[in-house]
$ cat query12.pdb   # PDB, C-alpha atoms, pLDDT in the B column
ATOM      1  CA  MET R   1       0.000   0.000   0.000  1.00 84.00           C
ATOM      2  CA  ALA R   2       1.314   3.449  -0.892  1.00 91.00           C
ATOM      3  CA  VAL R   3       2.273   5.573   2.104  1.00 94.00           C
ATOM      4  CA  PRO R   4       3.247   9.278   1.828  1.00 92.00           C
ATOM      5  CA  LYS R   5       6.851   9.946   2.709  1.00 95.00           C
ATOM      6  CA  ARG R   6       6.184  13.446   4.068  1.00 95.00           C
ATOM      7  CA  LYS R   7       3.250  15.336   5.582  1.00 95.00           C
ATOM      8  CA  MET R   8       1.329  17.344   3.019  1.00 94.00           C
ATOM      9  CA  SER R   9       1.153  21.068   3.820  1.00 96.00           C
ATOM     10  CA  ARG R  10      -2.131  22.856   4.453  1.00 96.00           C
ATOM     11  CA  SER R  11      -1.865  24.878   1.255  1.00 97.00           C
ATOM     12  CA  ASN R  12      -1.238  21.787  -0.859  1.00 96.00           C
ATOM     13  CA  THR R  13      -4.098  19.935   0.823  1.00 95.00           C
ATOM     14  CA  ARG R  14      -6.511  22.828   0.412  1.00 95.00           C
ATOM     15  CA  SER R  15      -5.556  23.506  -3.197  1.00 95.00           C
ATOM     16  CA  ARG R  16      -6.082  19.838  -4.007  1.00 93.00           C
ATOM     17  CA  ARG R  17      -9.480  19.798  -2.263  1.00 93.00           C
ATOM     18  CA  ALA R  18     -10.523  23.038  -3.974  1.00 93.00           C
ATOM     19  CA  ASN R  19     -10.756  21.189  -7.304  1.00 91.00           C
ATOM     20  CA  TRP R  20     -12.906  18.370  -5.862  1.00 92.00           C
ATOM     21  CA  LYS R  21     -16.364  19.896  -6.116  1.00 90.00           C
ATOM     22  CA  ALA R  22     -19.809  18.900  -7.271  1.00 91.00           C
ATOM     23  CA  THR R  23     -21.102  19.962 -10.645  1.00 91.00           C
ATOM     24  CA  ALA R  24     -24.551  21.355 -11.355  1.00 92.00           C
ATOM     25  CA  VAL R  25     -27.138  19.000 -12.830  1.00 93.00           C
ATOM     26  CA  VAL R  26     -27.415  19.440 -16.595  1.00 95.00           C
ATOM     27  CA  THR R  27     -30.964  19.938 -17.840  1.00 96.00           C
ATOM     28  CA  ALA R  28     -32.438  20.188 -21.312  1.00 96.00           C
ATOM     29  CA  ALA R  29     -35.703  21.822 -22.325  1.00 96.00           C
ATOM     30  CA  CYS R  30     -38.523  19.454 -23.256  1.00 95.00           C
ATOM     31  CA  SER R  31     -39.468  19.773 -26.933  1.00 92.00           C
ATOM     32  CA  GLN R  32     -43.211  19.575 -26.163  1.00 92.00           C
ATOM     33  CA  CYS R  33     -43.797  21.559 -22.937  1.00 94.00           C
ATOM     34  CA  LYS R  34     -40.417  23.384 -22.644  1.00 94.00           C
ATOM     35  CA  SER R  35     -39.995  22.350 -18.976  1.00 96.00           C
ATOM     36  CA  PRO R  36     -36.513  21.390 -17.758  1.00 96.00           C
ATOM     37  CA  LYS R  37     -35.756  17.657 -17.818  1.00 96.00           C
ATOM     38  CA  LEU R  38     -32.737  15.380 -17.675  1.00 96.00           C
ATOM     39  CA  PRO R  39     -31.178  14.706 -21.075  1.00 96.00           C
ATOM     40  CA  HIS R  40     -31.857  11.277 -22.649  1.00 96.00           C
ATOM     41  CA  ALA R  41     -34.852  10.750 -20.343  1.00 96.00           C
ATOM     42  CA  ALA R  42     -38.608  11.084 -20.657  1.00 96.00           C
ATOM     43  CA  CYS R  43     -40.135  14.368 -19.514  1.00 96.00           C
ATOM     44  CA  PRO R  44     -41.727  13.954 -16.069  1.00 93.00           C
ATOM     45  CA  VAL R  45     -44.308  16.694 -16.770  1.00 95.00           C
ATOM     46  CA  CYS R  46     -45.788  15.659 -20.122  1.00 95.00           C
ATOM     47  CA  GLY R  47     -44.341  12.136 -20.520  1.00 95.00           C
ATOM     48  CA  THR R  48     -42.831  12.542 -23.987  1.00 95.00           C
ATOM     49  CA  TYR R  49     -39.471  11.351 -25.255  1.00 95.00           C
ATOM     50  CA  ASN R  50     -38.008  11.953 -28.691  1.00 92.00           C
ATOM     51  CA  GLY R  51     -41.258  13.499 -29.914  1.00 90.00           C
ATOM     52  CA  ARG R  52     -43.587  10.644 -28.902  1.00 93.00           C
ATOM     53  CA  GLN R  53     -45.696   9.827 -25.845  1.00 94.00           C
ATOM     54  CA  VAL R  54     -44.019   7.158 -23.686  1.00 93.00           C
ATOM     55  CA  LEU R  55     -45.485   7.778 -20.208  1.00 92.00           C
ATOM     56  CA  GLU R  56     -49.047   8.133 -19.018  1.00 90.00           C
ATOM     57  CA  VAL R  57     -49.122  11.371 -17.020  1.00 80.00           C
TER
END

$ encode --input "query12.pdb" --output "structure tokens"
Amino acid sequence: MAVPKRKMSRSNTRSRRANWKATAVVTAACSQCKSPKLPHAACPVCGTYNGRQVLEV
């Protein structure tokens, strides 16, 4: 198992952790009702996907 040879300084630790952050959820507008939805998924509001009805809403 890899073990660090020296203690990592606070500035190095904090600069490394500064880049480890969550990203915002990407949404696309529904082609039928224009509400935000996840890409490559059926719209939860109107139930359409790729221009056709796939869910009963």

$ atom_distance --input "query12.pdb" --atom1 "CA of Val54 in chain R" --atom2 "CA of Ala29 in chain R"
16.9 Å

$ resolve_selection --input "query12.pdb" --expression "the PyMOL selection byres ((chain R and resi 57) around 10)" --output "MDAnalysis selection string"
chainID R and resid 43:48 53:56

$ atom_distance --input "query12.pdb" --atom1 "CA of Thr23 in chain R" --atom2 "CA of Gly51 in chain R"
28.6 Å

$ residues_around --input "query12.pdb" --residues "His40 in chain R" --least-positions-apart "4" --cutoff "12 Å" --atoms "all atoms listed in the file" --output "list in words"
Val26, Thr27, Ala28, Ala29, Cys30, Thr48, Tyr49 and Asn50 of chain R

$ atom_distance --input "query12.pdb" --atom1 "CA of Arg52 in chain R" --atom2 "CA of Cys33 in chain R"
12.4 Å

$ residues_around --input "query12.pdb" --residues "Val25 in chain R" --least-positions-apart "4" --cutoff "12 Å" --atoms "all atoms listed in the file" --output "VMD selection string"
chain R and resid 36 to 39

$ decode --input "query12.pdb" --residues "range 23-45 of chain R" --atoms "N, CA, C and O atoms" --output "PDB file, in the first residue's frame"
ATOM      1  N   THR R  23     -20.698  19.198  -9.483  1.00  0.00           N
ATOM      2  CA  THR R  23     -21.102  19.962 -10.645  1.00  0.00           C
ATOM      3  C   THR R  23     -22.627  20.091 -10.661  1.00  0.00           C
ATOM      4  O   THR R  23     -23.336  19.247 -10.119  1.00  0.00           O
ATOM      5  N   ALA R  24     -23.109  21.131 -11.267  1.00  0.00           N
ATOM      6  CA  ALA R  24     -24.551  21.355 -11.355  1.00  0.00           C
ATOM      7  C   ALA R  24     -25.173  20.322 -12.289  1.00  0.00           C
ATOM      8  O   ALA R  24     -24.549  19.866 -13.244  1.00  0.00           O
ATOM      9  N   VAL R  25     -26.429  19.974 -12.012  1.00  0.00           N
ATOM     10  CA  VAL R  25     -27.138  19.000 -12.830  1.00  0.00           C
ATOM     11  C   VAL R  25     -27.470  19.642 -14.172  1.00  0.00           C
ATOM     12  O   VAL R  25     -28.012  20.748 -14.231  1.00  0.00           O
ATOM     13  N   VAL R  26     -27.147  18.939 -15.256  1.00  0.00           N
ATOM     14  CA  VAL R  26     -27.415  19.440 -16.595  1.00  0.00           C
ATOM     15  C   VAL R  26     -28.870  19.137 -16.946  1.00  0.00           C
ATOM     16  O   VAL R  26     -29.343  18.022 -16.755  1.00  0.00           O
ATOM     17  N   THR R  27     -29.572  20.132 -17.422  1.00  0.00           N
ATOM     18  CA  THR R  27     -30.964  19.938 -17.840  1.00  0.00           C
ATOM     19  C   THR R  27     -31.121  20.405 -19.275  1.00  0.00           C
ATOM     20  O   THR R  27     -30.385  21.277 -19.753  1.00  0.00           O
ATOM     21  N   ALA R  28     -32.083  19.795 -19.956  1.00  0.00           N
ATOM     22  CA  ALA R  28     -32.438  20.188 -21.312  1.00  0.00           C
ATOM     23  C   ALA R  28     -33.913  20.547 -21.323  1.00  0.00           C
ATOM     24  O   ALA R  28     -34.695  20.030 -20.526  1.00  0.00           O
ATOM     25  N   ALA R  29     -34.300  21.423 -22.230  1.00  0.00           N
ATOM     26  CA  ALA R  29     -35.703  21.822 -22.325  1.00  0.00           C
ATOM     27  C   ALA R  29     -36.474  20.753 -23.086  1.00  0.00           C
ATOM     28  O   ALA R  29     -36.011  20.226 -24.091  1.00  0.00           O
ATOM     29  N   CYS R  30     -37.647  20.420 -22.592  1.00  0.00           N
ATOM     30  CA  CYS R  30     -38.523  19.454 -23.256  1.00  0.00           C
ATOM     31  C   CYS R  30     -39.010  20.061 -24.570  1.00  0.00           C
ATOM     32  O   CYS R  30     -39.351  21.235 -24.632  1.00  0.00           O
ATOM     33  N   SER R  31     -39.050  19.250 -25.627  1.00  0.00           N
ATOM     34  CA  SER R  31     -39.468  19.773 -26.933  1.00  0.00           C
ATOM     35  C   SER R  31     -40.963  20.048 -26.988  1.00  0.00           C
ATOM     36  O   SER R  31     -41.411  20.872 -27.780  1.00  0.00           O
ATOM     37  N   GLN R  32     -41.772  19.390 -26.141  1.00  0.00           N
ATOM     38  CA  GLN R  32     -43.211  19.575 -26.163  1.00  0.00           C
ATOM     39  C   GLN R  32     -43.658  20.709 -25.229  1.00  0.00           C
ATOM     40  O   GLN R  32     -44.322  21.638 -25.655  1.00  0.00           O
ATOM     41  N   CYS R  33     -43.278  20.599 -23.927  1.00  0.00           N
ATOM     42  CA  CYS R  33     -43.797  21.559 -22.937  1.00  0.00           C
ATOM     43  C   CYS R  33     -42.748  22.569 -22.475  1.00  0.00           C
ATOM     44  O   CYS R  33     -43.040  23.426 -21.661  1.00  0.00           O
ATOM     45  N   LYS R  34     -41.514  22.444 -22.950  1.00  0.00           N
ATOM     46  CA  LYS R  34     -40.417  23.384 -22.644  1.00  0.00           C
ATOM     47  C   LYS R  34     -40.019  23.413 -21.165  1.00  0.00           C
ATOM     48  O   LYS R  34     -39.355  24.324 -20.726  1.00  0.00           O
ATOM     49  N   SER R  35     -40.408  22.397 -20.380  1.00  0.00           N
ATOM     50  CA  SER R  35     -39.995  22.350 -18.976  1.00  0.00           C
ATOM     51  C   SER R  35     -38.626  21.680 -18.890  1.00  0.00           C
ATOM     52  O   SER R  35     -38.265  20.872 -19.754  1.00  0.00           O
ATOM     53  N   PRO R  36     -37.845  22.012 -17.870  1.00  0.00           N
ATOM     54  CA  PRO R  36     -36.513  21.390 -17.758  1.00  0.00           C
ATOM     55  C   PRO R  36     -36.624  19.912 -17.410  1.00  0.00           C
ATOM     56  O   PRO R  36     -37.434  19.508 -16.581  1.00  0.00           O
ATOM     57  N   LYS R  37     -35.779  19.097 -18.064  1.00  0.00           N
ATOM     58  CA  LYS R  37     -35.756  17.657 -17.818  1.00  0.00           C
ATOM     59  C   LYS R  37     -34.331  17.165 -17.984  1.00  0.00           C
ATOM     60  O   LYS R  37     -33.469  17.857 -18.520  1.00  0.00           O
ATOM     61  N   LEU R  38     -34.050  15.973 -17.496  1.00  0.00           N
ATOM     62  CA  LEU R  38     -32.737  15.380 -17.675  1.00  0.00           C
ATOM     63  C   LEU R  38     -32.572  14.952 -19.126  1.00  0.00           C
ATOM     64  O   LEU R  38     -33.528  14.470 -19.739  1.00  0.00           O
ATOM     65  N   PRO R  39     -31.372  15.124 -19.693  1.00  0.00           N
ATOM     66  CA  PRO R  39     -31.178  14.706 -21.075  1.00  0.00           C
ATOM     67  C   PRO R  39     -31.253  13.185 -21.201  1.00  0.00           C
ATOM     68  O   PRO R  39     -30.899  12.451 -20.271  1.00  0.00           O
ATOM     69  N   HIS R  40     -31.709  12.710 -22.346  1.00  0.00           N
ATOM     70  CA  HIS R  40     -31.857  11.277 -22.649  1.00  0.00           C
ATOM     71  C   HIS R  40     -32.812  10.594 -21.680  1.00  0.00           C
ATOM     72  O   HIS R  40     -32.625   9.442 -21.309  1.00  0.00           O
ATOM     73  N   ALA R  41     -33.842  11.311 -21.248  1.00  0.00           N
ATOM     74  CA  ALA R  41     -34.852  10.750 -20.343  1.00  0.00           C
ATOM     75  C   ALA R  41     -36.204  11.336 -20.724  1.00  0.00           C
ATOM     76  O   ALA R  41     -36.290  12.406 -21.321  1.00  0.00           O
ATOM     77  N   ALA R  42     -37.259  10.610 -20.377  1.00  0.00           N
ATOM     78  CA  ALA R  42     -38.608  11.084 -20.657  1.00  0.00           C
ATOM     79  C   ALA R  42     -38.925  12.274 -19.761  1.00  0.00           C
ATOM     80  O   ALA R  42     -38.465  12.360 -18.618  1.00  0.00           O
ATOM     81  N   CYS R  43     -39.746  13.176 -20.274  1.00  0.00           N
ATOM     82  CA  CYS R  43     -40.135  14.368 -19.514  1.00  0.00           C
ATOM     83  C   CYS R  43     -41.097  13.952 -18.402  1.00  0.00           C
ATOM     84  O   CYS R  43     -42.096  13.283 -18.664  1.00  0.00           O
ATOM     85  N   PRO R  44     -40.825  14.334 -17.156  1.00  0.00           N
ATOM     86  CA  PRO R  44     -41.727  13.954 -16.069  1.00  0.00           C
ATOM     87  C   PRO R  44     -43.044  14.735 -16.064  1.00  0.00           C
ATOM     88  O   PRO R  44     -44.003  14.325 -15.427  1.00  0.00           O
ATOM     89  N   VAL R  45     -43.106  15.863 -16.769  1.00  0.00           N
ATOM     90  CA  VAL R  45     -44.308  16.694 -16.770  1.00  0.00           C
ATOM     91  C   VAL R  45     -45.312  16.196 -17.808  1.00  0.00           C
ATOM     92  O   VAL R  45     -46.471  15.920 -17.502  1.00  0.00           O
TER      93      VAL R  45
END
